[in-house]
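Remarks on the structure that follows.
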Amino acid sequence: MAAASNGSEFFELDVDPVRESFSRPSNAESLEDDENELVWEAISRLPSNKRGNFAVMRKSPSEHDRSGGYGEREEMIDVRRLDRHKRELVVKKALDTNAQDNHKLLSAIKERLDRVGIEVPKVEVRFENLNISAKVQTGSRALPTLINVARDLGEGLLTKLGIFRAKRFPLTILNDISGAVKPGRMTLLLGPPGSGKSTLLLALAGKLAKNLKKSGNITYNGQKIDDFYVQRTSAYISQTDNHIAELTVRETLDFAACWQGASDGFGGYMEDLVRLEKEKNIRPNPEVDAFMKASSVGGKKHSISTDYVLKVLGLDVCSETVVGNDMLRGVSGGQRKRVTTDDELHHEFSL
């Protein structure tokens with residue numbers, strides 16, 4: 001208590017201006033929070049067949065400041081109509097960290113599916129008593145010379161006509177091997193050159209050459225390989241890089257995504273996922289939700305899967321460079337090998 005010069009008394013209080021500013025939100029902040037809630041409410045009220053087409057994208061503090069502090073921190077986007085800048089932004093925000101951590105994104109997707117009780121199918125591959133052999137030429141006759149190629153063509157024609165049968169010798173590539181590839185694990189296959197590593201991988205991927213003789217069992221989740229659609233479950237990445245040299249890296253991957261039907265990766269989950277989250281009143285992470293919904297859109301010329309694999313494998317820095325080959329200068333050898341890997345990753349295989 002203090003006294004004024006005129007004799008009146010009053011209370012003197014020390015108020016920290018900084019603490020006062022944080023003690024309660026301003027009207028502008030309250031209004032902004034209300035607007036963000038309205039965005040989520042608007043999506044939740046959409047019909048179930050349209051709810052998967054819209055997502056929320058949050059602006060970072062720097063992006064919000066560049067806009068002068070006006071507008072909503074969260075905006076509704078239509079994942080079916082994303083331009084290149086928006087696709088790259090969705091992928092960048094989904095990866096979330098400065099290091100663009102793909103493991104963090106995959107963990108967040110798995111956590112979201114587990115929260116509503118959706119289980120991702122797992123694939124276990126087993127091979128038992130697998131034998132693979134071939135009939136081969138030996139000595140100088142096995143060399144890839146012009147004369148030998150011509151003789152092979154002639155002998156092949158005569159063999160089909162039943163006139164002549166070329167003399168070949170048996171070669172055992174794999175001899176009575178058994179094993180399993182467990183789901184959720186990375187399996188390393190080691191062996192010296194010529195031990196049959198590539199042959200084993202080709203057999204497991206269902207791409208074994210027809211002139212090789214195979215015996216034994218290969219099963220996917222207990223089903224024989226002939227009864228299982230292996231092409232949508234596993235892939236074999238070739239050691240050779242076969243690409244259209246004149247296309248850029250981005251064009252190559254867009255072409256692969258278009259023809260391999262890769263852009264509907266989460267399409268099988270989104271309808272049930274959105275419905276279950278609404279029933280349980282669960283609000284998903286906006287960045288992960290936008291990425292999953294954009295990945296489930298099919299039939300587009302440009303796929304967000306392309307931007308995703310470009311970012312994960314570090315090819316975004318050379319996305320506009322032609323792939324090239326021995327006659328046309330393009331990306332480096334290591335980058336070209338990653339393009340080959342990207343072609344197969346577009347399928348989002350289990351193996």
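Chain labels run A, B, ... following the order of the structure tokens; each chain numbers its residues from 1, and ligands are numbered from 1 in the order shown.
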
**Asked** Leaving out A:Asp83 and any residue of its chain fewer than 5 positions from it, which residues lie within 12 Å of it when counting only C-alpha atoms, given as a PyMOL selection string?
**Response** chain A and resi 77-78+88-90+294+300-304+307

**Message:** For the structure I just gave you, how does DSSP split stretch 106-309 of chain A - specifically, which residues are helix (DSSP H, G or I)? Reply as number ranges by chain.
**Reply:** A: 106-115, 139-142, 146-161, 197-204, 225-227, 230-232, 249-260, 267-279, 286-295, 304-309

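In this comparison, which uses only C-alpha atoms, the residue of A:Val322, A:Val317, A:Val149, A:Ala166 approaching A:Glu251 most closely is A:Val322.
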
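Here the question is which of A:Lys311, A:Ala209, A:Gly333, A:Asp96 gets nearest to A:Arg250 using only C-alpha atoms, and that residue is A:Lys311.
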
Which residues, written as a tab-separated table (two decimals) with all heavy atoms, in the first residue's frame, have at least one atom at most 8 Å from stretch 280-290 of chain A, with only C-alpha atoms counted and residues fewer than 2 positions away on the same chain left out?
```
chain	number	residue	atom	x	y	z
A	54	PHE	N	-9.72	-35.40	-49.04
A	54	PHE	CA	-9.32	-34.12	-48.46
A	54	PHE	C	-8.48	-34.36	-47.21
A	54	PHE	O	-8.72	-35.30	-46.44
A	54	PHE	CB	-10.54	-33.27	-48.10
A	54	PHE	CG	-11.34	-32.85	-49.30
A	54	PHE	CD1	-12.39	-33.63	-49.76
A	54	PHE	CD2	-11.05	-31.68	-49.98
A	54	PHE	CE1	-13.13	-33.26	-50.87
A	54	PHE	CE2	-11.78	-31.29	-51.08
A	54	PHE	CZ	-12.82	-32.09	-51.53
A	55	ALA	N	-7.48	-33.50	-47.03
A	55	ALA	CA	-6.58	-33.61	-45.89
A	55	ALA	C	-6.26	-32.21	-45.39
A	55	ALA	O	-6.60	-31.20	-46.02
A	55	ALA	CB	-5.31	-34.35	-46.26
A	56	VAL	N	-5.60	-32.16	-44.24
A	56	VAL	CA	-5.22	-30.89	-43.62
A	56	VAL	C	-3.71	-30.73	-43.72
A	56	VAL	O	-2.96	-31.67	-43.41
A	56	VAL	CB	-5.66	-30.85	-42.14
A	56	VAL	CG1	-5.11	-29.60	-41.46
A	56	VAL	CG2	-7.18	-30.87	-42.06
A	57	MET	N	-3.28	-29.56	-44.15
A	57	MET	CA	-1.85	-29.26	-44.19
A	57	MET	C	-1.56	-28.09	-43.26
A	57	MET	O	-2.17	-27.02	-43.38
A	57	MET	CB	-1.39	-28.92	-45.61
A	57	MET	CG	0.11	-28.60	-45.71
A	57	MET	SD	0.64	-28.27	-47.40
A	57	MET	CE	0.55	-29.92	-48.09
A	58	ARG	N	-0.65	-28.30	-42.33
A	58	ARG	CA	-0.30	-27.26	-41.38
A	58	ARG	C	0.83	-26.40	-41.92
A	58	ARG	O	1.79	-26.92	-42.50
A	58	ARG	CB	0.13	-27.88	-40.05
A	58	ARG	CG	-1.01	-28.50	-39.27
A	58	ARG	CD	-0.58	-28.89	-37.88
A	58	ARG	NE	0.41	-29.96	-37.89
A	58	ARG	CZ	0.66	-30.72	-36.83
A	58	ARG	NH1	-0.02	-30.53	-35.70
A	58	ARG	NH2	1.56	-31.68	-36.88
A	79	VAL	N	-6.32	-33.85	-52.20
A	79	VAL	CA	-5.16	-34.67	-52.57
A	79	VAL	C	-5.23	-35.15	-54.02
A	79	VAL	O	-4.23	-35.64	-54.56
A	79	VAL	CB	-5.04	-35.88	-51.62
A	79	VAL	CG1	-4.75	-35.43	-50.20
A	79	VAL	CG2	-6.27	-36.76	-51.67
A	90	VAL	N	4.06	-32.06	-49.29
A	90	VAL	CA	3.43	-33.12	-48.52
A	90	VAL	C	4.46	-34.16	-48.09
A	90	VAL	O	4.49	-34.60	-46.94
A	90	VAL	CB	2.30	-33.79	-49.34
A	90	VAL	CG1	1.85	-35.09	-48.69
A	90	VAL	CG2	1.11	-32.84	-49.47
A	93	LYS	N	6.89	-32.63	-45.39
A	93	LYS	CA	6.27	-32.52	-44.06
A	93	LYS	C	6.02	-33.90	-43.46
A	93	LYS	O	6.08	-34.07	-42.24
A	93	LYS	CB	4.96	-31.74	-44.16
A	93	LYS	CG	5.14	-30.24	-44.40
A	93	LYS	CD	3.82	-29.53	-44.46
A	93	LYS	CE	4.01	-28.02	-44.63
A	93	LYS	NZ	4.65	-27.41	-43.45
A	94	ALA	N	5.76	-34.90	-44.30
A	94	ALA	CA	5.54	-36.25	-43.78
A	94	ALA	C	6.83	-36.83	-43.21
A	94	ALA	O	6.82	-37.49	-42.16
A	94	ALA	CB	4.98	-37.15	-44.87
A	105	LEU	N	8.58	-41.84	-40.49
A	105	LEU	CA	7.31	-41.83	-41.21
A	105	LEU	C	6.67	-43.21	-41.21
A	105	LEU	O	5.46	-43.34	-40.94
A	105	LEU	CB	7.54	-41.36	-42.65
A	105	LEU	CG	6.36	-41.48	-43.61
A	105	LEU	CD1	5.17	-40.67	-43.12
A	105	LEU	CD2	6.75	-41.05	-45.02
A	108	ALA	N	5.20	-43.96	-37.90
A	108	ALA	CA	3.97	-43.21	-37.66
A	108	ALA	C	2.79	-43.84	-38.41
A	108	ALA	O	1.66	-43.89	-37.89
A	108	ALA	CB	4.14	-41.76	-38.10
A	109	ILE	N	3.02	-44.35	-39.62
A	109	ILE	CA	1.97	-45.02	-40.37
A	109	ILE	C	1.54	-46.31	-39.67
A	109	ILE	O	0.35	-46.59	-39.53
A	109	ILE	CB	2.44	-45.31	-41.81
A	109	ILE	CG1	2.63	-44.00	-42.58
A	109	ILE	CG2	1.44	-46.21	-42.54
A	109	ILE	CD1	3.25	-44.18	-43.96
A	112	ARG	N	-0.48	-45.51	-36.61
A	112	ARG	CA	-1.84	-45.09	-36.94
A	112	ARG	C	-2.72	-46.28	-37.25
A	112	ARG	O	-3.87	-46.35	-36.80
A	112	ARG	CB	-1.80	-44.13	-38.14
A	112	ARG	CG	-3.17	-43.59	-38.50
A	112	ARG	CD	-3.13	-42.73	-39.75
A	112	ARG	NE	-4.43	-42.19	-40.05
A	112	ARG	CZ	-4.73	-41.52	-41.17
A	112	ARG	NH1	-3.80	-41.31	-42.09
A	112	ARG	NH2	-5.96	-41.05	-41.36
A	116	VAL	N	-6.21	-48.22	-34.64
A	116	VAL	CA	-7.60	-48.57	-34.96
A	116	VAL	C	-7.77	-50.06	-35.18
A	116	VAL	O	-8.85	-50.53	-35.55
A	116	VAL	CB	-8.10	-47.79	-36.19
A	116	VAL	CG1	-8.13	-46.30	-35.92
A	116	VAL	CG2	-7.24	-48.09	-37.41
A	276	LEU	N	-13.01	-45.94	-39.19
A	276	LEU	CA	-12.73	-46.36	-37.81
A	276	LEU	C	-12.26	-45.19	-36.95
A	276	LEU	O	-12.61	-45.10	-35.77
A	276	LEU	CB	-11.68	-47.47	-37.80
A	276	LEU	CG	-12.14	-48.82	-38.36
A	276	LEU	CD1	-10.97	-49.78	-38.50
A	276	LEU	CD2	-13.21	-49.43	-37.47
A	277	GLU	N	-11.47	-44.29	-37.55
A	277	GLU	CA	-11.01	-43.12	-36.79
A	277	GLU	C	-12.16	-42.21	-36.43
A	277	GLU	O	-12.19	-41.63	-35.34
A	277	GLU	CB	-9.95	-42.37	-37.59
A	277	GLU	CG	-8.59	-43.04	-37.60
A	277	GLU	CD	-7.55	-42.28	-38.40
A	277	GLU	OE1	-7.94	-41.51	-39.30
A	277	GLU	OE2	-6.35	-42.48	-38.15
A	278	LYS	N	-13.14	-42.09	-37.32
A	278	LYS	CA	-14.30	-41.26	-37.00
A	278	LYS	C	-15.14	-41.91	-35.91
A	278	LYS	O	-15.63	-41.23	-34.99
A	278	LYS	CB	-15.15	-41.04	-38.26
A	278	LYS	CG	-16.32	-40.10	-38.01
A	278	LYS	CD	-17.13	-39.85	-39.27
A	278	LYS	CE	-18.27	-38.87	-38.98
A	278	LYS	NZ	-19.10	-38.63	-40.19
A	292	MET	N	-0.71	-40.27	-46.70
A	292	MET	CA	-1.39	-41.54	-46.97
A	292	MET	C	-2.55	-41.35	-47.95
A	292	MET	O	-2.76	-42.17	-48.85
A	292	MET	CB	-1.88	-42.16	-45.67
A	292	MET	CG	-0.77	-42.62	-44.74
A	292	MET	SD	-1.39	-43.40	-43.22
A	292	MET	CE	-2.10	-44.91	-43.87
A	293	LYS	N	-3.29	-40.26	-47.78
A	293	LYS	CA	-4.41	-40.02	-48.70
A	293	LYS	C	-3.92	-39.70	-50.10
A	293	LYS	O	-4.49	-40.15	-51.09
A	293	LYS	CB	-5.27	-38.87	-48.16
A	293	LYS	CG	-6.11	-39.27	-46.95
A	293	LYS	CD	-6.93	-38.10	-46.44
A	293	LYS	CE	-7.83	-38.54	-45.27
A	293	LYS	NZ	-8.61	-37.42	-44.69
A	294	ALA	N	-2.83	-38.92	-50.20
A	294	ALA	CA	-2.29	-38.60	-51.52
A	294	ALA	C	-1.71	-39.84	-52.19
A	294	ALA	O	-1.78	-39.99	-53.41
A	294	ALA	CB	-1.21	-37.52	-51.38
```

**Request:** List the neighbours of A:Arg338 out to 12 Å using only C-alpha atoms; skip same-chain residues closer than 6 positions along the sequence, and give me the result as a PyMOL selection string.
**Result:** chain A and resi 237-241+243+249+252-253+309-316+318-319+323+331-332+344-345
